[in-house]
$ cat model_2.txt   # compact mmCIF, C-alpha atoms
# COMPACT_ATOMS: atom_id res chain seq x y z
CA MET A 1 0.00 0.00 0.00
CA ALA A 2 1.39 3.39 -1.02
CA THR A 3 1.52 6.14 1.57
CA LYS A 4 1.49 9.85 0.86
CA MET A 5 4.91 11.42 1.26
CA SER A 6 5.02 14.86 2.86
CA TYR A 7 6.11 17.76 0.69
CA LEU A 8 9.15 18.41 2.86
CA LYS A 9 10.22 14.77 2.76
CA ALA A 10 9.84 14.73 -1.04
CA LEU A 11 11.84 17.96 -1.32
CA ASN A 12 14.65 16.58 0.81
CA SER A 13 14.66 13.41 -1.28
CA LEU A 14 14.98 15.53 -4.42
CA ARG A 15 17.75 17.61 -2.86
CA SER A 16 19.73 14.46 -2.04
CA ARG A 17 19.69 13.37 -5.70
CA THR A 18 20.94 16.57 -7.33
CA THR A 19 24.02 18.78 -7.36
CA TYR A 20 21.94 21.78 -6.30
CA LYS A 21 23.55 22.12 -2.86
CA GLN A 22 27.04 22.35 -4.36
CA ALA A 23 25.91 24.72 -7.12
CA PHE A 24 24.15 26.95 -4.58
CA ALA A 25 27.25 27.08 -2.34
CA ALA A 26 29.46 27.94 -5.33
CA THR A 27 27.05 30.69 -6.39
CA LEU A 28 27.05 32.22 -2.90
CA SER A 29 30.83 32.13 -2.90
CA ARG A 30 30.99 34.03 -6.21
CA MET A 31 28.34 36.51 -5.08
CA ARG A 32 30.25 37.45 -1.91
CA SER A 33 32.80 39.36 -3.96
CA GLN A 34 30.29 40.83 -6.42
CA VAL A 35 27.31 41.97 -4.34
CA ASP A 36 27.12 44.27 -1.32
CA LEU A 37 23.95 43.66 0.69
CA GLY A 38 25.24 45.36 3.83
CA SER A 39 22.44 47.94 3.78
CA VAL A 40 19.67 45.33 3.62
CA ARG A 41 17.63 45.36 6.84
CA SER A 42 14.43 43.53 5.87
CA CYS A 43 13.96 40.38 3.85
CA LEU A 44 10.94 38.59 2.40
CA ALA A 45 11.35 34.97 1.29
CA LEU A 46 8.61 33.60 -0.95
CA GLY A 47 7.90 29.87 -1.17
CA CYS A 48 10.85 29.24 1.10
CA GLY A 49 9.99 25.81 2.47
CA ASP A 50 12.07 25.13 5.55
CA GLY A 51 14.30 28.12 4.75
CA ARG A 52 17.52 26.15 4.52
CA ASP A 53 18.88 28.07 1.53
CA GLU A 54 17.40 31.40 2.52
CA VAL A 55 19.06 31.26 5.96
CA LYS A 56 22.39 30.40 4.35
CA PHE A 57 22.00 33.28 1.87
CA VAL A 58 21.13 35.79 4.59
CA LYS A 59 23.93 34.66 6.92
CA GLU A 60 26.53 34.88 4.17
CA LEU A 61 25.36 37.87 2.13
CA ALA A 62 22.85 39.95 4.11
CA ALA A 63 24.02 39.52 7.67
CA ASN A 64 22.68 42.92 8.81
CA ILE A 65 19.00 42.10 8.44
CA THR A 66 16.77 42.77 11.42
CA LYS A 67 13.48 41.48 9.98
CA PHE A 68 12.74 38.27 8.04
CA ILE A 69 9.34 37.34 6.64
CA GLY A 70 8.93 33.84 5.22
CA VAL A 71 5.92 32.68 3.21
CA ASP A 72 5.17 29.05 2.40
CA ARG A 73 1.93 27.15 1.98
CA ASP A 74 3.12 23.82 3.42
CA HIS A 75 2.41 23.55 7.16
CA GLU A 76 5.32 21.24 7.99
CA SER A 77 7.71 23.49 6.05
CA ALA A 78 6.41 26.60 7.85
CA GLU A 79 6.98 24.95 11.22
CA ARG A 80 10.52 23.95 10.28
CA LEU A 81 11.10 27.45 8.90
CA LYS A 82 10.19 28.96 12.29
CA ASP A 83 12.66 26.64 14.01
CA ASN A 84 15.45 27.31 11.49
CA LEU A 85 15.00 31.07 11.67
CA THR A 86 14.94 31.05 15.47
CA ASN A 87 18.03 28.83 15.66
CA PHE A 88 20.14 30.37 12.92
CA LEU A 89 19.03 34.01 12.93
CA PRO A 90 18.44 34.53 16.68
CA ASN A 91 18.69 38.33 16.67
CA VAL A 92 16.26 38.82 13.80
CA SER A 93 12.55 39.60 14.13
CA ILE A 94 10.81 36.77 12.29
CA GLN A 95 7.37 36.33 10.82
CA VAL A 96 6.29 33.09 9.17
CA ILE A 97 3.14 33.18 7.08
CA GLU A 98 1.46 29.97 5.99
CA ALA A 99 -0.08 30.96 2.66
CA ASP A 100 0.02 30.28 -1.05
CA VAL A 101 2.32 32.87 -2.62
CA LYS A 102 0.03 33.14 -5.64
CA SER A 103 -2.86 34.50 -3.58
CA TRP A 104 -0.99 36.15 -0.69
CA GLY A 105 -1.57 39.90 -0.46
CA GLY A 106 1.98 40.91 0.38
CA PRO A 107 3.87 42.29 3.38
CA ASP A 108 2.48 45.05 5.59
CA ASP A 109 5.62 47.13 5.04
CA ARG A 110 7.97 47.28 2.08
CA VAL A 111 11.17 45.23 2.30
CA ASP A 112 14.74 45.73 1.10
CA LEU A 113 15.25 42.24 -0.30
CA VAL A 114 13.00 39.53 -1.73
CA LEU A 115 14.27 35.97 -2.07
CA MET A 116 12.63 33.62 -4.57
CA PHE A 117 14.49 30.34 -4.61
CA ASN A 118 13.12 27.61 -6.89
CA LEU A 119 9.73 29.26 -7.04
CA LEU A 120 9.22 30.56 -10.55
CA TYR A 121 8.05 27.22 -11.94
CA VAL A 122 4.72 27.53 -10.06
CA PHE A 123 3.81 30.65 -12.06
CA ASN A 124 2.92 30.86 -15.73
CA SER A 125 4.34 33.76 -17.72
CA SER A 126 1.43 36.10 -17.00
CA GLN A 127 1.46 35.30 -13.27
CA ARG A 128 5.23 35.91 -13.10
CA GLN A 129 4.75 39.31 -14.75
CA GLN A 130 2.04 40.16 -12.18
CA LEU A 131 4.28 39.04 -9.32
CA PHE A 132 7.18 41.16 -10.56
CA GLY A 133 4.81 44.12 -10.85
CA LYS A 134 3.70 43.68 -7.22
CA LEU A 135 7.32 43.43 -6.13
CA GLN A 136 8.30 46.62 -7.88
CA GLN A 137 5.18 48.68 -7.15
CA HIS A 138 4.17 47.56 -3.65
CA TRP A 139 6.53 45.20 -1.85
CA LEU A 140 10.07 46.52 -2.36
CA THR A 141 11.60 49.68 -0.96
CA LYS A 142 13.10 52.10 -3.46
CA GLY A 143 16.34 50.49 -4.55
CA GLY A 144 15.17 47.13 -3.15
CA LEU A 145 16.62 43.94 -4.57
CA VAL A 146 15.33 40.55 -5.66
CA ALA A 147 17.45 37.40 -5.55
CA ILE A 148 16.17 34.58 -7.73
CA VAL A 149 17.55 31.06 -7.75
CA HIS A 150 16.14 29.04 -10.58
CA ALA A 151 17.21 25.66 -11.91
CA SER A 152 17.71 26.41 -15.57
CA GLN A 153 17.17 23.70 -18.11
CA THR A 154 19.80 25.33 -20.30
CA LYS A 155 22.52 25.73 -17.69
CA SER A 156 22.04 22.93 -15.15
CA PRO A 157 22.02 19.53 -16.85
CA GLY A 158 21.39 16.59 -14.58
CA THR A 159 19.52 18.51 -11.89
CA ALA A 160 15.99 19.26 -10.75
CA HIS A 161 14.73 20.66 -14.06
CA GLU A 162 14.70 17.13 -15.51
CA ILE A 163 12.23 16.00 -12.88
CA TRP A 164 9.89 18.86 -13.72
CA GLU A 165 10.13 18.03 -17.40
CA ILE A 166 9.16 14.45 -16.68
CA LEU A 167 6.21 15.71 -14.63
CA ARG A 168 5.22 17.99 -17.53
CA ARG A 169 5.79 21.20 -15.58
CA PRO A 170 8.58 22.74 -17.62
CA LEU A 171 10.80 25.40 -16.13
CA PRO A 172 11.64 28.42 -18.24
CA GLY A 173 15.34 28.87 -18.90
CA TRP A 174 17.09 31.68 -17.01
CA GLU A 175 17.65 33.47 -20.31
CA ASP A 176 13.86 33.58 -20.86
CA VAL A 177 13.20 34.93 -17.37
CA GLU A 178 15.90 37.56 -17.72
CA ARG A 179 14.75 38.64 -21.20
CA ARG A 180 11.07 38.86 -20.23
CA HIS A 181 11.49 40.66 -16.95
CA ALA A 182 14.74 42.62 -17.04
CA ARG A 183 13.08 45.64 -18.63
CA SER A 184 10.74 46.04 -15.66
CA TRP A 185 13.70 46.35 -13.26
CA VAL A 186 15.52 49.13 -15.06
$ encode --input "model_2.txt" --output "structure tokens"
Amino acid sequence: MATKMSYLKALNSLRSRTTYKQAFAATLSRMRSQVDLGSVRSCLALGCGDGRDEVKFVKELAANITKFIGVDRDHESAERLKDNLTNFLPNVSIQVIEADVKSWGGPDDRVDLVLMFNLLYVFNSSQRQQLFGKLQQHWLTKGGLVAIVHASQTKSPGTAHEIWEILRRPLPGWEDVERRHARSWV
């Protein structure tokens, strides 16, 4: 008899079968010398699951944050997120919201940084455009930044994108995302 696997357990199983962890660590290492996020004080993480990558990103690149808002629709992930934020970012005011990012209304106050790690695949092109509009017009402070991690089918062979292709939920390539949305960030 088959049993239903929790989302978080499935995600961890996926993580254990890819090179994502190594690629993410290498990307953070390169970003340290290229990006200055020292002025970032507030951070919003969308679809962040247990927050494993978001916490690592903040600790390494945006260590001066004082407020972290995490949004995820999975209850178990939200509970683990609370624990991870409390344990690894103890001096940061945290808020965990259990909601679907697609229908969530946004933060009460604008934030300096939005993290979207492995999230874009849940949005179609029109929904992504709407999300980016909300970010720019309502959610981000002037000069606010967005960090997107996205498994690209054109640049990451042998990783998570192949699973999504098998499941018939194709991921857009990073070139497509950049081309479609870069003009709205200028």
$ residues_near_point --input "model_2.txt" --point "(13.2, 34.0, -11.1)" --cutoff "6 Å" --atoms "only C-alpha atoms" --output "mmCIF file with C-alpha atoms, keeping the file's coordinate frame"
data_model
loop_
_atom_site.group_PDB
_atom_site.id
_atom_site.type_symbol
_atom_site.label_atom_id
_atom_site.label_comp_id
_atom_site.auth_asym_id
_atom_site.auth_seq_id
_atom_site.Cartn_x
_atom_site.Cartn_y
_atom_site.Cartn_z
ATOM 1 C CA LEU A 120 9.220 30.560 -10.550
ATOM 2 C CA ILE A 148 16.170 34.580 -7.730
ATOM 3 C CA HIS A 150 16.140 29.040 -10.580
#
$ atom_distance --input "model_2.txt" --atom1 "atom CA of A:Asn64" --atom2 "atom CA of A:Pro90"
12.3 Å
$ residues_around --input "model_2.txt" --residues "A:Asp83" --least-positions-apart "3" --cutoff "12 Å" --atoms "only C-alpha atoms" --output "list in words"
Gly49, Asp50, Gly51, Arg52, Val55, Gly70, Glu76, Ser77, Ala78, Glu79, Arg80, Thr86, Asn87, Phe88, Leu89, Pro90, Ile94, Gln95 and Val96 of chain A
$ atom_distance --input "model_2.txt" --atom1 "atom CA of A:Asp72" --atom2 "atom CA of A:Glu54"
12.5 Å
$ closest_residue --input "model_2.txt" --among "A:Asn124, A:Asn84, A:Asn91, A:Asn118" --to "A:Tyr20" --atoms "all atoms listed in the file"
A:Asn118
$ closest_residue --input "model_2.txt" --among "A:Leu113, A:Met31, A:Leu85, A:Val58" --to "A:Cys43" --atoms "all atoms listed in the file"
A:Leu113
$ closest_residue --input "model_2.txt" --among "A:Ile97, A:Asp74, A:Thr141, A:Ser33" --to "A:Lys9" --atoms "all atoms listed in the file"
A:Asp74
$ residues_near_point --input "model_2.txt" --point "(9.6, 46.7, 0.0)" --cutoff "9 Å" --atoms "only C-alpha atoms" --output "NGL selection string"
:A and (42-44 or 107 or 109-114 or 135-145)
$ closest_residue --input "model_2.txt" --among "A:Val92, A:Asp53, A:Lys82, A:Ala10" --to "A:Phe68" --atoms "only C-alpha atoms"
A:Val92
$ closest_residue --input "model_2.txt" --among "A:Leu37, A:Leu81, A:Val101, A:Val122" --to "A:Ala63" --atoms "all atoms listed in the file"
A:Leu37
